[in-house]
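Enquirer: Just dropping this structure here.
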Amino acid sequence: MAPPCTSNLEAGSQSKIENFLQRIFAPLSEQSAAVPGSQKKLTLANLDEYIEKALRFDEVMPDVEGRISNDDKVYLDRKLTLGNFLFDHDQLGVTSLSNFSTITANTCVFKGKWVYEVMLGSKGLMQIGWCTTNCQFSPQEGVGDTPHSYAYDGNRTRKWNMSTMKYGESWSTGDVISCAIDCDEGTISFYRNGVDLGIAYDDVALGPGFAYLPAISLSVHETVRLNFGSSPLKYPIDGYRPLQDAPYKELYQASQLSKYLERLLATMSDSASARELDVLQLGDRAEGIKLIIANHIFDKLAPLLGSVYITEAVLLKVLLKFCNTTRHTANQPFIRKIVQLMWMCVEEEELKDAFKNIFLIILTSYRFSTVSSEFKNQLTYLVLLLSLLRHTETRHLALDSVLFDIIQFPAFMHIKPPDDNVLEELIPDVWWDKSVSRNDKNHSQRPSDQKGINEEDEADMQRYYRHCGSLKMRINELEEIQVEILKLLMDDTDATEFIDNKTSRSLFIVKFREFLVTCIKGPKYSASPCPLPVTLCFMHRLVKALRYFWDKNAQKNSVSTFSYDAFVPIWVFTADKRPRAQMQCDRLGGVLAHLRKNISVPEDLRNKEVHPATDELVEILDGVILLYEIASHKQLVKMSELRDNFREMVCALNETNAKLSLCPTSDVEVRKELLNSKNVLQSKVIDNTRHLAWLIAVVFSKEKQEDVHWILKSALRTTEKAVPYENLYSYVPEYYVEVILNSYKSLTRYFTFVTAFEGTQGYISTLNQMAFFLSHNFSDSTIVNTDVRDSIIQSLACFVCYPESLKSLEQMPLHMRKAVIKTLLSPYESRSWPQINWILVRLWKGCGFGYRYDLPPHMSPTKLKHFTQDFDSASFQKPCPSIVFQQHVAEALTYDEDFMLAFVNSVLNQLNWAFSEFLTQLSEIQASSALFDKRKFKLVATCFDLSVGLLRVIELIVAVAPNLFTDASRHNSEILLGRLMQLISQVLCRVTTQNGAFQQVIRKKGLSLDSVDNYPILTAVAGILVRLAFQSTSKGRNVAIMTLLSEATFSVESLEFMIPALDGGEATGSTPTQIRRFSFLNYKEVSPEEVEQVRKLIHILRTEKRPQSVAIHEDDLCPICYADEISVRFQPCGHTSCRSCIQHQLMNKNECFFCKANVDKFVKITSK
């Protein structure tokens, strides 16, 4: 914008203006200003002439040898690429979309000293450095893997040049790596955040044919940004030049203009010091004169601000100089004045370029500045950003075309973790729970859970948590500013004419939609625009800002809800105007197009539904819930793995200390190795304790837990509100179910390491909501995706494993409890039954024979660690059986014969299949000397676990309703009992045979078959037999005993295997060469009363006579098997068969073998 013309002023005013101009434009070495080359005083009339001559730059910069390029700008060359990359707009930032992508710059060097910087957006596997123009790369070989390419890899702390060696330090996200090459001496060095890591290579090939390109190789999803000199280096290195020359002339001119601007700004505030500097003293006309001067300055400065280098080197320094970081809530008058002047004095296109560069530089500086213990740099740039965004037009401009288009705005919401040395300064005293062992299933680091520690240890713990608290306070200050930034972007009262009278909130929502779309694109575009830690932080800040506006809206609108009752109404999911990101997601009832064709939506649905908040706030809530699922939860999982790794490290240290204490002092070499291991482990534990402090303060804090809890409650409330709409429930997106399951898992598993979920506000109501959600949805036919249904069933299986959550299920209305049991007891065929069976097992565990343990007694904690990756899994929780649901099982099976028959037969069918498959696979392993794939062992272990689980369910049925098998008045009891005893006999025969495959394999079992053992399967079998024998009536017991004895494969010795006689060598007295004999007596989990019951059963079976077999006339033989006597007639067709064939062949199909007619009932045929 050209400076405005000025009219004639009176002599007195003209004198004041001249004095004022002398103060503003005098060179630093002089006290007054005059037009260069003349004696004229400086006035508004000749000001432009003066500035033009003051900006004259006559120095000629010499050409620098040693560099070859076809462009003045240095950037990553798309043509010199192997693999796929996602590029930033300026081709200086890239994200890898391939397994190992390589790219080089468009400039090479062959003489002199050169450096470029790599700013890490992630910290994974990358190799960065230099290569010659002749290097040939492949998907397997990147920088450093070929001759004449040299790389540094901070992920593995190694250097690469065909071979590899230890080098450097481990890098982190946000680090700046300087790559320096000396083409005169033949050396390559690397620097991390300005710290010299030493010469990596001192034998770099030089001479004709050798010119070196900056080169990087990135594994998939890794992201970096490079600076070849397009902006000032973050960490300049003496003697080394960036590959791209600085704009020296423009830099000189901008520096001169910035000095003028600073002096002018110093006179434009209301402070006393500003009034003292202001010699203009023209009253109301003073501001106009100053605006004319500002116009002259910006007329020359604005075109220069199109350069990122100039903006960072000059304007950013001015902004930082006037930015008050001590009070971030202050109005920042100087920043506001600079922004106002820019809007008044700069042309629109130049203004957009300037602000684009400003925001890009602030973000880059925020992400890649050194982190101190005070987080000073991060605080400074956040306050500056907040100050700029307080200007409405600037905020609208940023939202419209910069914050999500040019830069990754969510990165402003992230807080970069400090380096180890800064963490040591923040957490000088460390502490960890030294009593932790591998037996601890639910290890907690919470101070309230530390019992019985000594005074010294307690003092260390208190100091440690005080440091964590101090760190948290520093982080909270940054987070408060981040939330204030989001509040500005979500303001709905600031519409201006600048962008079609749109508010900040409406602009923000448009960009938020686009951001979500990029996050959920398909595999081809699987690189997220933000790393997972950034997305998690963005979500947390969004929750805070959203709840603020939600409550503010509720205060003004009586029909709206407050944030603690927030939900997304059903009409949002059925509307045609749903955002594209959410529209792409599948619904519970299938794809949206199918639903619209088959399920009509009432036109007045929106008017009938409660409006919890404005449409914009509801849309943001929906986006936050989606954001949790697509990114945030994944980061919480990764962070919890760090916690688990820390626990493993502590266990290893404790075990090493224990070995050291037992090692004789005479074993010098052994003690030396143990001491060395101890020192290494202790050093790692100390370092990880400090990293854990960061998790405590930033990731798993109580405030973050409340955010996730609110997301869970909002998603639960959304589904609750949708249930009454019946068919319309199909429109609910699948990700709502996934968020409910995953966020609940986070709250009960990940956060509990630091903050107990049980003590949070609304805990009980959340459990009740989860109970309703799981019980309603796990059998809901509306949900068509089998994976979603399986996830709900799996979550219900975990839900019943904990007393508080099980109690919430037991407190549901009676009709809901019965409906749950009815669904659980549906036949196992044609559905995913293992998880259903597991739920029934958990409802029973704690009541079964030898089934009151949490950790399996036949497996050591060390084996358990390998047996499952999730040591905290619900499988190993303390048993909490449900008498309430056991009673419902008894009622459901007792009073509906057809329903009972279908379910029990399905259980027996699956047991027959699972145990047969187990034996088949086991025999193959036992008979072969070949090495089997791990999947083979896993299959064997899985079939065994399924068999045991099915036996436990049968034990449950026998316990709560023994009459189903022993009551002769029931039509199907004899058939069911016979089939059950046949299976039991087969199990006992195969398991207890000393030379059989089962016993041989478990005696030499490897790591993959540790779960296969005598104990779990024999206790389950014993439980069934004992309950049939001693919980039935005397008549029923006799029926059970005689049925068992009638089985040809049954042997009393198979029961004696469980409690062998004392003459056979008890386990306590056996030698290493003897076979350790199995016995219930070796397990404290089997009570003396249970042992005595088994002995009584053995005694009864010994004293009872086995039924004598008689010769069968040929006419009486079963026409199916020709082995047993005809004993059953089908009605109404009249065909006959034996009981055994019915058990093996008919199963659940009430269909005659011969005529395929439906069988109404089976009539027993009396023997002739």
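Residue numbering restarts at 1 in every chain; chains get A, B, ... in the order shown in the structure tokens, and ligands count up from 1 in that same order.
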What are the DSSP helix (DSSP H, G or I) residues of stretch 839-1040 of chain A, as a VMD selection string?

Expert: chain A and resid 839 to 844 861 to 867 874 to 876 883 to 894 897 to 927 934 to 960 963 to 966 973 to 992 997 to 1003 1007 to 1009 1014 to 1030 1034 to 1040

Enquirer: Just the residues within 7 Å of stretch 222-224 of chain A, please, counting only C-alpha atoms, with nothing from its chain fewer than 6 positions along; format it as a VMD selection string.

Expert: chain A and resid 93 to 96 118 to 122 124

Enquirer: Identify which of the residues A:Ala874, A:Ala313, A:Ala658, A:Met413 lies closest to A:Leu478, counting only C-alpha atoms when measuring atom-to-atom distances.

Expert: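 Distance minimum relative to A:Leu478 lands on A:Met413.
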
Enquirer: For a test of reading the model, state the distance in Å between atom CA of A:Val1091 and atom CA of A:Asn837, rounded to one decimal.

Expert: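 Atom CA of A:Asn837 lies 27.0 Å from atom CA of A:Val1091.
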
Enquirer: If we count only C-alpha atoms, what is near stretch 464-475 of chain A at a cut-off of 8 Å, once residues fewer than 2 positions away on the same chain are taken out, given as a list in words?

Expert: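 My reading of the contact set: Glu374, Phe375, Ile415, Leu426, Ile427, Pro428, Asp429, Val430, Trp431, Asp460, Met461, Gln462, Glu477, Leu478, Glu479, Ala693, Trp694, Ile696, Ala697 and Val698 of chain A.
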
Enquirer: Compare A:Pro531, A:Leu360, A:Ser172, A:Phe298 by their minimum atom-to-atom distance to A:Asp90, counting only C-alpha atoms, and give me the closest one.

Expert: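 Counting only C-alpha atoms, the residue closest to A:Asp90 is A:Leu360.
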
Enquirer: Between atom CA of A:Pro1016 and atom CA of A:Val948, what is the distance in Å, rounded to a tenth?

Expert: 6.6 Å

Enquirer: Skipping near chain neighbours, those fewer than 4 positions away, what residues fall within 10 Å of stretch 905-907 of chain A using only C-alpha atoms, listed as a ChimeraX atom specification?

Expert: /A:825-829,833,837,900-901,911-913,950-951,953-954,976,979-980,1143,1146-1148

Enquirer: Which polymer residues have any atom within 10 Å of an atom of A:Thr370, counting only C-alpha atoms, with same-chain residues fewer than 4 positions away left out, as a VMD selection string?

Expert: chain A and resid 174 to 176 193 to 194 234 365 to 366 375 to 378 416 418 to 419

Enquirer: Pick the closest to A:Met816 from A:Phe773, A:Phe322, A:Phe100, A:Phe700: which is it, counting only C-alpha atoms?

Expert: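 Between A:Phe773, A:Phe322, A:Phe100, A:Phe700, the residue approaching A:Met816 most closely is A:Phe773.
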
Enquirer: Would you mind writing down, as a count of residues only, each residue of stretch 64-128 of chain A that DSSP on the backbone assigns to strand (DSSP E or B)?

Expert: 37

Enquirer: Taking 2 positions as the minimum chain separation for residues in the same chain, which residues sit within 6 Å of A:Cys943 when counting only C-alpha atoms? Answer as an NGL selection string.

Expert: :A and (914 or 918 or 940-941 or 945-946)
